[in-house]
Structures are given as C-alpha cells and as structure tokens.
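Below is start04.csv, holding CSV, C-alpha atoms.
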```csv
chain,number,residue,atom,x,y,z
A,89,MET,CA,51.5,138.5,64.2
A,90,ILE,CA,49.8,137.3,67.4
A,91,ALA,CA,47.2,134.5,67.0
A,92,ARG,CA,44.1,134.9,69.2
A,93,HIS,CA,41.6,132.3,70.2
A,94,SER,CA,38.5,132.8,72.4
A,95,PHE,CA,36.0,130.4,73.8
A,96,ARG,CA,33.8,129.9,76.9
A,97,ALA,CA,34.6,127.5,79.7
A,98,MET,CA,34.4,127.4,83.5
A,99,GLY,CA,31.6,130.0,83.4
A,100,THR,CA,33.9,132.7,81.9
A,101,ASP,CA,35.4,133.9,78.7
A,102,ILE,CA,38.8,132.4,77.9
A,103,GLU,CA,41.3,134.2,75.7
A,104,CYS,CA,44.5,132.7,74.4
A,105,LEU,CA,47.2,134.8,72.7
A,106,LEU,CA,50.1,133.1,71.0
A,107,ASP,CA,53.1,134.8,69.2
A,108,ALA,CA,53.6,131.9,66.8
A,109,GLU,CA,51.7,129.5,64.5
A,110,PRO,CA,49.1,127.9,66.8
A,111,GLY,CA,49.0,124.5,65.1
A,112,ASP,CA,46.8,122.3,67.3
A,113,GLY,CA,47.8,124.4,70.4
A,114,PHE,CA,44.4,126.2,70.7
A,115,ALA,CA,42.4,123.0,70.3
A,116,ALA,CA,44.5,121.3,73.1
A,117,VAL,CA,44.0,124.3,75.4
A,118,GLU,CA,40.2,124.2,74.8
A,119,ALA,CA,40.1,120.5,75.4
A,120,GLU,CA,42.1,120.8,78.6
A,121,PHE,CA,39.8,123.5,80.0
A,122,VAL,CA,36.8,121.3,79.3
A,123,ARG,CA,38.5,118.3,80.9
A,124,LEU,CA,39.5,120.2,84.1
A,125,GLU,CA,36.1,121.8,84.4
A,126,ALA,CA,34.5,118.3,84.2
A,127,LEU,CA,36.7,117.3,87.1
A,128,LEU,CA,36.7,120.4,89.3
A,129,SER,CA,33.3,122.1,88.9
A,130,ARG,CA,30.9,122.1,91.7
A,131,PHE,CA,28.1,122.8,89.2
A,132,GLN,CA,28.5,119.5,87.4
A,133,PRO,CA,26.9,116.7,89.5
A,134,ASP,CA,29.2,114.0,88.1
A,135,SER,CA,32.4,116.0,88.5
A,136,GLU,CA,35.1,114.4,90.7
A,137,LEU,CA,34.6,117.4,93.1
A,138,SER,CA,30.9,116.9,93.3
A,139,ARG,CA,31.4,113.2,94.1
A,140,LEU,CA,33.8,114.1,96.8
A,141,ASN,CA,31.4,116.6,98.3
A,142,ALA,CA,28.6,114.0,98.2
A,143,ALA,CA,30.5,111.1,99.6
A,144,GLY,CA,32.8,113.0,102.0
A,145,GLU,CA,35.7,110.8,101.0
A,146,LEU,CA,37.2,109.9,97.6
A,147,VAL,CA,40.3,108.4,96.1
A,148,ALA,CA,41.0,111.4,93.9
A,149,GLY,CA,42.7,111.7,90.5
A,150,PRO,CA,45.9,113.7,90.2
A,151,GLU,CA,44.3,117.0,89.3
A,152,LEU,CA,41.7,117.1,92.2
A,153,LEU,CA,44.5,116.0,94.5
A,154,GLU,CA,46.9,118.7,93.4
A,155,VAL,CA,44.3,121.5,93.5
A,156,THR,CA,43.2,120.4,97.0
A,157,ARG,CA,46.8,120.3,98.2
A,158,LEU,CA,47.4,123.8,96.7
A,159,ALA,CA,44.2,125.0,98.4
A,160,LEU,CA,45.1,123.5,101.8
A,161,ALA,CA,48.6,125.0,101.6
A,162,ALA,CA,47.0,128.4,100.7
A,163,ARG,CA,44.6,128.1,103.6
A,164,GLU,CA,47.5,127.5,106.0
A,165,ARG,CA,49.7,130.2,104.5
A,166,THR,CA,46.9,132.8,104.6
A,167,GLY,CA,45.8,131.9,108.1
A,168,GLY,CA,42.4,130.8,106.8
A,169,LEU,CA,41.6,134.0,104.7
A,170,PHE,CA,41.6,131.7,101.7
A,171,ASP,CA,39.5,128.6,102.5
A,172,PRO,CA,38.3,126.0,100.0
A,173,ALA,CA,35.7,124.8,102.6
A,174,VAL,CA,33.4,127.8,101.8
A,175,HIS,CA,31.0,125.7,99.6
A,176,ASP,CA,28.1,125.9,102.0
A,177,ALA,CA,28.6,129.6,102.7
A,178,VAL,CA,28.6,130.4,99.0
A,179,VAL,CA,25.5,128.3,98.5
A,180,ALA,CA,23.8,129.8,101.6
A,181,ALA,CA,24.5,133.2,100.0
A,182,GLY,CA,22.5,132.1,97.0
A,183,TYR,CA,25.3,131.1,94.6
A,184,ASP,CA,23.9,127.6,94.2
A,185,ARG,CA,23.9,127.3,90.5
A,186,SER,CA,26.0,128.5,87.5
A,187,PHE,CA,26.2,132.3,87.7
A,188,GLU,CA,24.2,132.9,84.5
A,189,LEU,CA,21.2,131.0,86.1
A,190,LEU,CA,21.0,133.0,89.4
A,191,ALA,CA,17.8,134.7,90.2
A,192,ASP,CA,16.3,136.3,93.2
A,193,ASP,CA,13.8,133.7,94.4
A,194,GLY,CA,12.8,135.5,97.6
A,195,ARG,CA,15.0,133.6,100.0
A,196,HIS,CA,17.3,135.4,102.4
A,197,ALA,CA,21.0,134.8,102.5
A,198,GLU,CA,22.3,133.0,105.5
A,199,ALA,CA,25.8,132.5,107.0
A,200,ALA,CA,27.3,129.0,107.0
A,201,ARG,CA,30.3,127.6,108.8
A,202,CYS,CA,33.6,127.5,107.0
A,203,GLY,CA,37.0,126.0,107.9
A,204,GLY,CA,36.0,122.3,108.1
A,205,ARG,CA,38.7,119.7,108.4
A,206,ILE,CA,40.1,118.4,105.2
A,207,GLU,CA,42.6,115.5,105.2
A,208,VAL,CA,44.7,114.2,102.3
A,209,GLU,CA,46.2,110.8,102.8
A,210,GLY,CA,47.9,109.4,99.8
A,211,ALA,CA,45.4,109.8,97.0
A,212,THR,CA,42.4,109.9,99.5
A,213,ILE,CA,40.7,113.1,100.3
A,214,ARG,CA,38.6,113.0,103.4
A,215,LEU,CA,36.2,115.8,104.5
A,216,GLU,CA,34.9,116.4,108.0
A,217,PRO,CA,31.1,115.6,108.1
A,218,GLY,CA,29.2,118.7,106.9
A,219,THR,CA,32.2,120.1,105.0
A,220,ARG,CA,32.1,120.6,101.3
A,221,LEU,CA,34.7,122.1,99.0
A,222,ASP,CA,34.4,124.9,96.5
A,223,LEU,CA,37.5,125.2,94.5
A,224,GLY,CA,36.2,128.2,92.5
A,225,GLY,CA,38.8,130.4,94.2
A,226,ILE,CA,41.7,128.5,92.8
A,227,ALA,CA,40.7,126.0,90.1
A,228,LYS,CA,40.5,128.6,87.3
A,229,GLY,CA,44.0,129.8,88.1
A,230,TYR,CA,45.2,126.2,88.3
A,231,ALA,CA,43.7,125.5,84.8
A,232,VAL,CA,45.4,128.6,83.4
A,233,ASP,CA,48.7,127.4,84.7
A,234,ARG,CA,48.2,124.0,83.2
A,235,VAL,CA,47.2,125.3,79.7
A,236,VAL,CA,50.0,127.8,79.6
A,237,GLU,CA,52.3,124.7,80.1
A,238,LEU,CA,50.5,123.1,77.1
A,239,LEU,CA,50.7,126.2,74.9
A,240,ALA,CA,54.3,127.3,75.8
A,241,PRO,CA,56.1,124.8,73.5
A,242,HIS,CA,54.3,126.5,70.5
A,243,GLY,CA,55.8,129.9,71.4
A,244,PRO,CA,55.4,132.9,73.7
A,245,CYS,CA,51.8,132.9,75.0
A,246,LEU,CA,49.3,134.3,77.3
A,247,VAL,CA,46.1,132.7,78.6
A,248,ASN,CA,43.4,134.8,80.2
A,249,ALA,CA,40.5,133.2,81.9
A,250,GLY,CA,38.1,136.0,82.8
A,251,GLY,CA,40.9,138.1,84.4
A,252,ASP,CA,43.1,135.3,85.8
A,253,LEU,CA,46.0,135.1,83.4
A,254,ALA,CA,49.5,133.7,83.0
A,255,VAL,CA,52.2,134.1,80.5
A,256,ALA,CA,55.2,132.2,79.2
A,257,GLY,CA,57.9,133.9,77.1
A,258,GLY,CA,57.6,137.4,75.7
A,259,SER,CA,56.3,140.6,77.3
A,260,TRP,CA,52.6,141.1,77.5
A,261,PRO,CA,50.9,144.4,78.2
A,262,VAL,CA,47.8,143.8,80.3
A,263,ALA,CA,45.3,146.5,81.1
A,264,ILE,CA,43.7,146.6,84.6
A,265,GLU,CA,40.0,147.4,84.2
A,266,GLY,CA,38.9,150.7,85.6
A,267,THR,CA,42.4,151.9,86.6
A,268,GLY,CA,43.9,153.3,83.4
A,269,LEU,CA,47.0,151.2,84.3
A,270,THR,CA,48.7,148.8,82.0
A,271,LEU,CA,51.2,146.2,83.4
A,272,ALA,CA,53.8,144.5,81.2
A,273,LEU,CA,54.0,140.9,82.4
A,274,ASP,CA,57.3,139.2,81.3
A,275,SER,CA,56.8,136.0,83.4
A,276,GLY,CA,54.4,134.7,86.0
A,277,ALA,CA,50.7,135.5,86.4
A,278,LEU,CA,48.1,137.9,87.7
A,279,ALA,CA,44.6,137.6,88.9
A,280,THR,CA,41.8,140.0,89.8
A,281,SER,CA,39.1,139.4,92.4
A,282,GLY,CA,36.3,141.8,93.0
A,283,ARG,CA,32.7,142.3,93.9
A,284,ASP,CA,31.8,144.4,90.8
A,285,ARG,CA,30.9,141.6,88.5
A,286,ARG,CA,29.7,138.3,90.1
A,287,ARG,CA,27.0,139.8,92.3
A,288,TRP,CA,23.3,139.1,92.6
A,289,LEU,CA,20.2,140.0,94.6
A,290,LEU,CA,18.7,137.6,97.2
A,291,GLY,CA,15.8,138.7,99.3
A,292,GLY,CA,16.5,142.2,98.1
A,293,GLU,CA,20.0,142.1,99.5
A,294,GLU,CA,22.9,142.6,97.0
A,295,LEU,CA,25.5,139.8,97.5
A,296,HIS,CA,28.7,138.8,95.8
A,297,HIS,CA,30.7,135.5,95.5
A,298,LEU,CA,33.7,136.4,97.7
A,299,VAL,CA,33.0,134.9,101.1
A,300,ASP,CA,34.8,135.9,104.2
A,301,PRO,CA,35.6,132.5,105.9
A,302,ALA,CA,35.5,134.3,109.3
A,303,THR,CA,31.8,135.3,109.0
A,304,GLY,CA,30.6,132.7,106.4
A,305,ARG,CA,29.0,135.5,104.5
A,306,PRO,CA,30.0,137.6,101.4
A,307,ALA,CA,32.9,139.8,102.6
A,308,VAL,CA,32.3,143.4,103.7
A,309,THR,CA,35.3,145.4,102.6
A,310,ASP,CA,36.1,148.8,101.1
A,311,VAL,CA,38.0,147.1,98.3
A,312,MET,CA,36.0,146.9,95.1
A,313,ARG,CA,38.6,145.0,93.0
A,314,ALA,CA,42.1,143.6,93.7
A,315,THR,CA,44.7,142.7,91.1
A,316,VAL,CA,47.7,140.8,92.3
A,317,VAL,CA,50.8,139.5,90.5
A,318,ALA,CA,52.4,136.2,91.5
A,319,ALA,CA,54.5,133.4,90.1
A,320,SER,CA,51.4,131.3,89.2
A,321,ALA,CA,47.8,132.1,88.4
A,322,ALA,CA,46.6,129.8,91.2
A,323,GLU,CA,48.8,131.7,93.7
A,324,ALA,CA,47.7,135.1,92.2
A,325,GLU,CA,44.0,134.0,92.7
A,326,VAL,CA,44.6,133.2,96.3
A,327,LEU,CA,46.5,136.5,96.9
A,328,ALA,CA,43.8,138.5,95.1
A,329,LYS,CA,41.2,137.1,97.5
A,330,VAL,CA,43.5,138.0,100.5
A,331,ALA,CA,44.0,141.5,99.1
A,332,PHE,CA,40.3,141.9,98.6
A,333,LEU,CA,39.5,140.8,102.2
A,334,THR,CA,42.3,142.7,104.0
A,335,GLY,CA,43.2,145.6,101.6
A,336,SER,CA,46.8,144.7,101.5
A,337,VAL,CA,49.2,142.0,100.4
A,338,ASP,CA,53.0,141.8,100.0
A,339,ALA,CA,53.0,140.9,96.3
A,340,PRO,CA,52.8,143.5,93.6
A,341,HIS,CA,49.2,144.6,93.5
A,342,VAL,CA,46.7,147.2,92.3
A,343,LEU,CA,43.6,147.8,94.4
A,344,VAL,CA,40.5,149.8,93.5
A,345,ARG,CA,38.7,151.1,96.6
A,346,ALA,CA,35.0,151.5,96.8
A,347,ASP,CA,35.4,155.2,96.4
A,348,GLY,CA,37.2,154.7,93.1
A,349,ARG,CA,40.8,155.4,94.5
A,350,VAL,CA,43.5,153.3,92.9
A,351,VAL,CA,46.2,152.0,95.2
A,352,VAL,CA,49.4,150.5,93.7
A,353,GLY,CA,51.8,148.6,96.0
A,354,GLY,CA,54.0,145.6,96.6
A,355,GLY,CA,57.0,147.1,94.8
A,356,LEU,CA,55.0,147.7,91.6
A,357,ALA,CA,56.3,150.7,89.7
B,14,MET,CA,86.2,26.9,75.6
B,15,THR,CA,86.5,30.0,73.5
B,16,SER,CA,83.1,29.3,72.0
B,17,ALA,CA,81.6,29.0,75.5
B,18,LEU,CA,83.2,32.3,76.5
B,19,LEU,CA,81.9,33.9,73.4
B,20,ARG,CA,78.4,32.6,74.0
B,21,LEU,CA,78.6,34.0,77.6
B,22,TYR,CA,79.6,37.4,76.3
B,23,ALA,CA,76.8,37.3,73.7
B,24,LEU,CA,74.3,36.4,76.3
B,25,ALA,CA,75.5,39.2,78.6
B,26,PHE,CA,75.4,41.6,75.7
B,27,ALA,CA,71.9,40.4,74.8
B,28,ILE,CA,70.7,40.8,78.4
B,29,LEU,CA,72.2,44.3,78.5
B,30,ALA,CA,70.7,45.3,75.2
B,31,PHE,CA,67.3,44.0,76.3
B,32,THR,CA,67.5,45.8,79.6
B,33,LEU,CA,68.4,49.1,77.9
B,34,SER,CA,65.6,48.7,75.4
B,35,TRP,CA,63.1,47.8,78.1
B,36,ALA,CA,64.1,50.8,80.1
B,37,GLY,CA,63.9,53.0,77.0
B,38,VAL,CA,60.4,51.7,76.2
B,39,ALA,CA,59.2,51.8,79.8
B,40,ALA,CA,60.3,55.5,80.0
B,41,ARG,CA,57.8,56.2,77.2
B,42,PRO,CA,59.7,59.2,75.8
B,43,TRP,CA,56.9,59.9,73.3
B,44,VAL,CA,54.6,60.8,76.1
B,45,LYS,CA,55.0,64.4,77.4
B,46,PRO,CA,55.5,64.4,81.2
B,47,LYS,CA,52.4,65.9,83.0
B,48,PRO,CA,53.5,68.8,85.3
B,49,SER,CA,52.4,68.3,88.8
B,50,ALA,CA,49.7,70.5,90.3
B,51,GLN,CA,52.2,72.2,92.4
B,52,MET,CA,54.4,73.0,89.4
B,53,GLN,CA,51.3,74.4,87.7
B,54,LEU,CA,50.6,76.7,90.6
B,55,VAL,CA,54.2,77.9,90.6
B,56,ALA,CA,54.0,78.6,86.9
B,57,LEU,CA,50.8,80.5,87.3
B,58,ARG,CA,52.2,82.5,90.2
B,59,GLU,CA,55.3,83.3,88.1
B,60,GLN,CA,53.1,84.7,85.3
B,61,ALA,CA,51.1,86.7,87.8
B,62,LEU,CA,54.3,88.1,89.3
B,63,ARG,CA,55.6,89.0,85.9
B,64,ARG,CA,52.4,90.9,85.1
B,65,GLU,CA,52.5,92.7,88.5
B,66,THR,CA,56.2,93.6,87.8
B,67,VAL,CA,55.2,95.3,84.6
B,68,LEU,CA,52.4,97.1,86.3
B,69,VAL,CA,54.4,98.2,89.3
B,70,ASN,CA,57.2,99.4,87.0
B,71,ARG,CA,54.7,101.5,85.0
B,72,ILE,CA,53.2,103.0,88.1
B,73,LEU,CA,56.7,103.9,89.4
B,74,ARG,CA,57.6,105.5,86.1
B,75,GLU,CA,54.4,107.5,86.1
B,76,ARG,CA,54.9,108.5,89.7
B,77,ALA,CA,58.5,109.6,89.0
B,78,ALA,CA,57.3,111.6,86.0
B,79,ARG,CA,54.6,113.2,88.0
B,80,ALA,CA,57.0,114.0,90.9
B,81,ALA,CA,59.3,115.7,88.4
B,82,VAL,CA,56.5,117.8,87.0
B,83,LEU,CA,55.4,118.8,90.5
B,84,ARG,CA,59.0,119.7,91.4
B,85,SER,CA,59.3,121.9,88.3
B,86,ARG,CA,56.0,123.5,89.1
B,87,ALA,CA,57.1,124.2,92.6
B,88,ALA,CA,60.3,125.7,91.3
B,89,ALA,CA,58.3,127.9,88.9
B,90,ALA,CA,56.0,128.9,91.8
B,91,ALA,CA,59.0,130.0,93.8
B,92,ALA,CA,60.3,132.2,91.0
B,93,LYS,CA,59.6,135.9,91.2
B,94,PRO,CA,57.2,137.2,88.5
B,95,ALA,CA,58.6,140.0,86.3
B,96,VAL,CA,56.1,142.9,86.0
B,97,ARG,CA,56.2,146.7,85.6
B,98,ILE,CA,53.8,149.5,84.8
B,99,VAL,CA,54.0,150.6,81.1
B,100,THR,CA,52.3,153.0,78.7
B,101,LEU,CA,52.0,150.4,75.9
B,102,PRO,CA,48.7,149.6,74.3
B,103,PRO,CA,47.3,146.6,76.1
B,104,LEU,CA,46.9,143.2,74.4
B,105,THR,CA,44.3,142.0,76.9
B,106,ILE,CA,42.5,143.1,80.0
B,107,THR,CA,42.1,141.7,83.5
B,108,ARG,CA,38.9,142.2,85.4
B,109,SER,CA,37.0,140.6,88.2
B,110,SER,CA,36.5,137.0,87.5
```
Would you write out, as structure tokens, the structure that this file holds?
Amino acid sequence: MIARHSFRAMGTDIECLLDAEPGDGFAAVEAEFVRLEALLSRFQPDSELSRLNAAGELVAGPELLEVTRLALAARERTGGLFDPAVHDAVVAAGYDRSFELLADDGRHAEAARCGGRIEVEGATIRLEPGTRLDLGGIAKGYAVDRVVELLAPHGPCLVNAGGDLAVAGGSWPVAIEGTGLTLALDSGALATSGRDRRRWLLGGEELHHLVDPATGRPAVTDVMRATVVAASAAEAEVLAKVAFLTGSVDAPHVLVRADGRVVVGGGLA
Amino acid sequence: MTSALLRLYALAFAILAFTLSWAGVAARPWVKPKPSAQMQLVALREQALRRETVLVNRILRERAARAAVLRSRAAAAAAKPAVRIVTLPPLTITRSS
C-alpha cells in the first residue's frame, strides 16, 4: 500500500508517495520544503536570496551556496542557455510577484539584460552591480533532491513538486501530461518545463516564465513542453529548460511541439 | 669539657631550629600565593585557546561531513537514471511547473 501526502509549497502542489509506513517522514518533507522556500524564494523579502539580491554580496548559508554553485555550473555547461541571472528579465516580463497574484496592470513587457557576473568565494556570493538572481529554474529541483534524501530511509519513495520529481528505490510509473506516454522511473529524476501553464497577459501580450537569456524576454520556441530525465531533479530542471529553448537535448526526453506532435528522444524507448 | 661541648651543640641546634622555624613562619604557607598578572594573562589565553580548539574541531567535523554529503551527491548526479516507456497505470503525472 503506497502512502500519499500532498501539500502546497514553493508556489506549486507537492505530492509525496512512499511505499512504506511514513512515520514522521511526510512531516519532515513538508518542513524541509518550507525551510528551503524561506531561504531560496525571490518572493519572500527576508529570504536569503532576497537579501543577496538587495545587497549584492552575502556570506551565504550552505543551501544558497550549493544552489548558486549548481546554477553557475549549469550556466557554464549549457553555454548560458540556463542562467540564474534572469531575475530582472522575468520581472520586466511582469512576473514580479507570486504567480497566483499576477494581473494585467496595463504595463508592457520589456527586455532586460541577463548573464551578469556572479562570483563565489568561500561562502561569499558577490553579484555584479545590476545583477540579481532568480533560482526558480533550479531551486525546486534542488528541494526535491533534498527531500527525497530525507524520505528514502523510510522506504522506496517519489517526490513530485509540480512536475519536477525524483525517486529513490522501487519503480515508479509517471504519466507525461498531454502525451499519452508513461515512463517507469527506477532511479534518478525528471522535470517538465513549458509555456502552457505559467503564462499571463501584460499589456495585452501573452507571456510565460521561461526567459531566453540571449534576448532577455520570454523565449520564442515551437516547443510547448519539454520533459527530460536526469540523475537529479536539479539537473533535469536545467536540461528541461535547455530542451525547451533549443528543441533538443542528449538526455532522455519527451517534447510536445506547439502543433501537438510528441517527439521522444535521447535513447528513451 | 664534655658539658661545654654539649652546650655548644645545644646552642647550635637551637639556632638551627630557630632559623628553620623563622623561615617556615616567614614563608607564610597559610597565605595562597597571588599569581602574577602575566600568569593570569597566560591562563586566560590558555582558556581562550581551549575554547577555540573545541570550536575549530566542530567546524572541521561539520565541514568534513558536508564535503562527504556533497561527494555522495556528486556521485549520484553522475549516475545514469534508469527509465523506460511502459504501459502501466501511472502513479503520478509530470506537467509544466
């Protein structure tokens, strides 16, 4: 019998499945999500991330430090397709408050510069003046990876944070929305990025949250939704963004094109 | 003669006993010696160093534990995920986040 627990955190629905007695496992998962959100959210003014963005320099705690390092490594590995310095571009596109609170207030979306310099020296993170971080493209995956570590000692488990999910032990069939496909995930993680859900109107223009760092505006692509499998949810999130922007990626993936075609690749069969 | 010699010995013994008693009393063994200011500073520094040692050891232990966790995460991140397409009923769904 699989125990199931759902709650809301990080602006999305979290679902935990555990093939064992949960004990205090679900409570620990929920507490960890709340703790990480309080550190890494750009919508909470007293979060560690917000303090870094406000000051431009911060002696960071281990979590912000680790996520920033992961994000910088991903930026380098993807040649800048994934960029944590898209904060101002996302805000300029109108995504300046929690998604549930967005409304068309008549403004027009503008482009903003991405790719600002970010230095990590010891525990100090230093941002180039005018650069602010948005870890929204990796923090949820990071949180999923961390809570799976917490839940795994209780038994085989899966944690799904609004589409970014990771498993430990067992084999977990996961449906990919709008494709009719189901993937059995025995280890690792998968994430889905797309422009079909987090979108809004600004000045009459329909926008979404996936910014192309090259233009500083929501990406124009014929991919509607990209699902990518990777060893960790943080990595899967990064690769899903890359697949969304470029329409291809080496890792196992499922893409849904704007015309509804489903493309399976990366050795997935 | 013998009596004079004895008296001399007795006098010498008395002088010796008096001197020893005087030295003993003058040393005031009932008064605890006051440590010098320098010794006090050294003692304080020793205490501070002991505290710092405990702190540094704790930080080093925490750092080593964190490094071990990061190494195991890096190893997990380098592992290949196991995935395949199936026709089983799904337990959950992935969608755009």
Using all atoms listed in the file, which residues of segment 201-298 of chain A come within 12 Å of segment 118-131 of chain A, and what is the closest atom pair for each, with the distance in Å to one decimal? Give it as a Markdown table, sorted by chain and residue number.
```
| residue | atom | partner | partner_atom | distance |
| --- | --- | --- | --- | --- |
| A:Arg220 | CA | A:Arg130 | CA | 9.8 |
| A:Leu221 | CA | A:Arg130 | CA | 8.2 |
| A:Asp222 | CA | A:Arg130 | CA | 6.6 |
| A:Leu223 | CA | A:Leu128 | CA | 7.1 |
| A:Gly224 | CA | A:Ser129 | CA | 7.7 |
| A:Gly225 | CA | A:Ser129 | CA | 11.3 |
| A:Ile226 | CA | A:Leu128 | CA | 10.1 |
| A:Ala227 | CA | A:Leu128 | CA | 6.9 |
| A:Lys228 | CA | A:Glu125 | CA | 8.6 |
| A:Gly229 | CA | A:Phe121 | CA | 11.1 |
| A:Tyr230 | CA | A:Leu124 | CA | 9.3 |
| A:Ala231 | CA | A:Phe121 | CA | 6.5 |
| A:Val232 | CA | A:Phe121 | CA | 8.3 |
| A:Asp233 | CA | A:Phe121 | CA | 10.8 |
| A:Arg234 | CA | A:Glu120 | CA | 8.3 |
| A:Val235 | CA | A:Glu120 | CA | 6.9 |
| A:Val236 | CA | A:Glu120 | CA | 10.6 |
| A:Glu237 | CA | A:Glu120 | CA | 11.0 |
| A:Leu238 | CA | A:Glu120 | CA | 8.8 |
| A:Leu239 | CA | A:Glu118 | CA | 10.7 |
| A:Val247 | CA | A:Glu118 | CA | 11.0 |
| A:Asn248 | CA | A:Phe121 | CA | 11.9 |
| A:Ala249 | CA | A:Phe121 | CA | 9.9 |
```
Store the residues picked out above, limited to C-alpha atoms, as a PDB file, in the frame of the given file.
```
ATOM      1  CA  ARG A 220      32.100 120.600 101.300  1.00  0.00           C
ATOM      2  CA  LEU A 221      34.700 122.100  99.000  1.00  0.00           C
ATOM      3  CA  ASP A 222      34.400 124.900  96.500  1.00  0.00           C
ATOM      4  CA  LEU A 223      37.500 125.200  94.500  1.00  0.00           C
ATOM      5  CA  GLY A 224      36.200 128.200  92.500  1.00  0.00           C
ATOM      6  CA  GLY A 225      38.800 130.400  94.200  1.00  0.00           C
ATOM      7  CA  ILE A 226      41.700 128.500  92.800  1.00  0.00           C
ATOM      8  CA  ALA A 227      40.700 126.000  90.100  1.00  0.00           C
ATOM      9  CA  LYS A 228      40.500 128.600  87.300  1.00  0.00           C
ATOM     10  CA  GLY A 229      44.000 129.800  88.100  1.00  0.00           C
ATOM     11  CA  TYR A 230      45.200 126.200  88.300  1.00  0.00           C
ATOM     12  CA  ALA A 231      43.700 125.500  84.800  1.00  0.00           C
ATOM     13  CA  VAL A 232      45.400 128.600  83.400  1.00  0.00           C
ATOM     14  CA  ASP A 233      48.700 127.400  84.700  1.00  0.00           C
ATOM     15  CA  ARG A 234      48.200 124.000  83.200  1.00  0.00           C
ATOM     16  CA  VAL A 235      47.200 125.300  79.700  1.00  0.00           C
ATOM     17  CA  VAL A 236      50.000 127.800  79.600  1.00  0.00           C
ATOM     18  CA  GLU A 237      52.300 124.700  80.100  1.00  0.00           C
ATOM     19  CA  LEU A 238      50.500 123.100  77.100  1.00  0.00           C
ATOM     20  CA  LEU A 239      50.700 126.200  74.900  1.00  0.00           C
ATOM     21  CA  VAL A 247      46.100 132.700  78.600  1.00  0.00           C
ATOM     22  CA  ASN A 248      43.400 134.800  80.200  1.00  0.00           C
ATOM     23  CA  ALA A 249      40.500 133.200  81.900  1.00  0.00           C
TER      24      ALA A 249
END
```
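Residues from chain A that have an atom within 6 Å of chain B, counting only C-alpha atoms, are Gly250, Gly251, Pro261, Val262, Ala263, Ile264, Glu265, Thr270, Leu271, Ala272, Leu273, Asp274, Ser275, Gly276, Thr280, Ser281, Gly282, Ala318, Ala319, Ser320 and Ala357 of chain A.
Of the residues listed (A:Phe114, A:Pro241, A:Ala161, A:Asp107), A:Asp107 shows the shortest atom-to-atom separation from Ser259 of chain A; distances use all atoms listed in the file.
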Exercise. For Ala80 of chain B, which residue among A:Val316, A:Pro150, A:Met89, A:Glu209 is the nearest when counting only C-alpha atoms?
Worked result: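 The shortest atom-to-atom distance to Ala80 of chain B comes from A:Pro150.
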Problem set entry | Interatomic distance, atom CA of Glu323 of chain A to atom CA of Val350 of chain A (Å, one decimal) | 22.3 Å
Exercise. So what do you get for atom CA of Gly355 of chain A versus atom CA of Arg286 of chain A, distance-wise?
Worked result: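 Computed distance, atom CA of Gly355 of chain A to atom CA of Arg286 of chain A, equals 29.1 Å.
For Arg349 of chain A, the list of residues within 12 Å, based on all atoms listed in the file and with local chain neighbours fewer than 2 positions off taken out, reads Gly266, Thr267, Gly268, Asp310, Val311, Met312, Arg313, Ala314, Val342, Leu343, Val344, Arg345, Ala346, Asp347, Val351 and Val352 of chain A.
Compared by their closest atoms to Asn141 of chain A, and using only C-alpha atoms, the residues A:His341, A:Arg214, A:His297, A:Lys329 rank with A:Arg214 nearest.
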For this session: Could you please determine the separation between atom CA of Ala148 of chain A and atom CA of Ile213 of chain A in Å, to one decimal place?
Result: 6.6 Å
Test item: residues at most 9 Å from Gly168 of chain A, all atoms listed in the file, excluding those fewer than 5 positions along its chain, as a PDB file with C-alpha atoms, in the frame of the given file:
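Result file selection.pdb:
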```pdb
ATOM      1  CA  ALA A 162      47.000 128.400 100.700  1.00  0.00           C
ATOM      2  CA  ARG A 163      44.600 128.100 103.600  1.00  0.00           C
ATOM      3  CA  GLY A 203      37.000 126.000 107.900  1.00  0.00           C
ATOM      4  CA  PRO A 301      35.600 132.500 105.900  1.00  0.00           C
ATOM      5  CA  ALA A 302      35.500 134.300 109.300  1.00  0.00           C
TER       6      ALA A 302
END
```
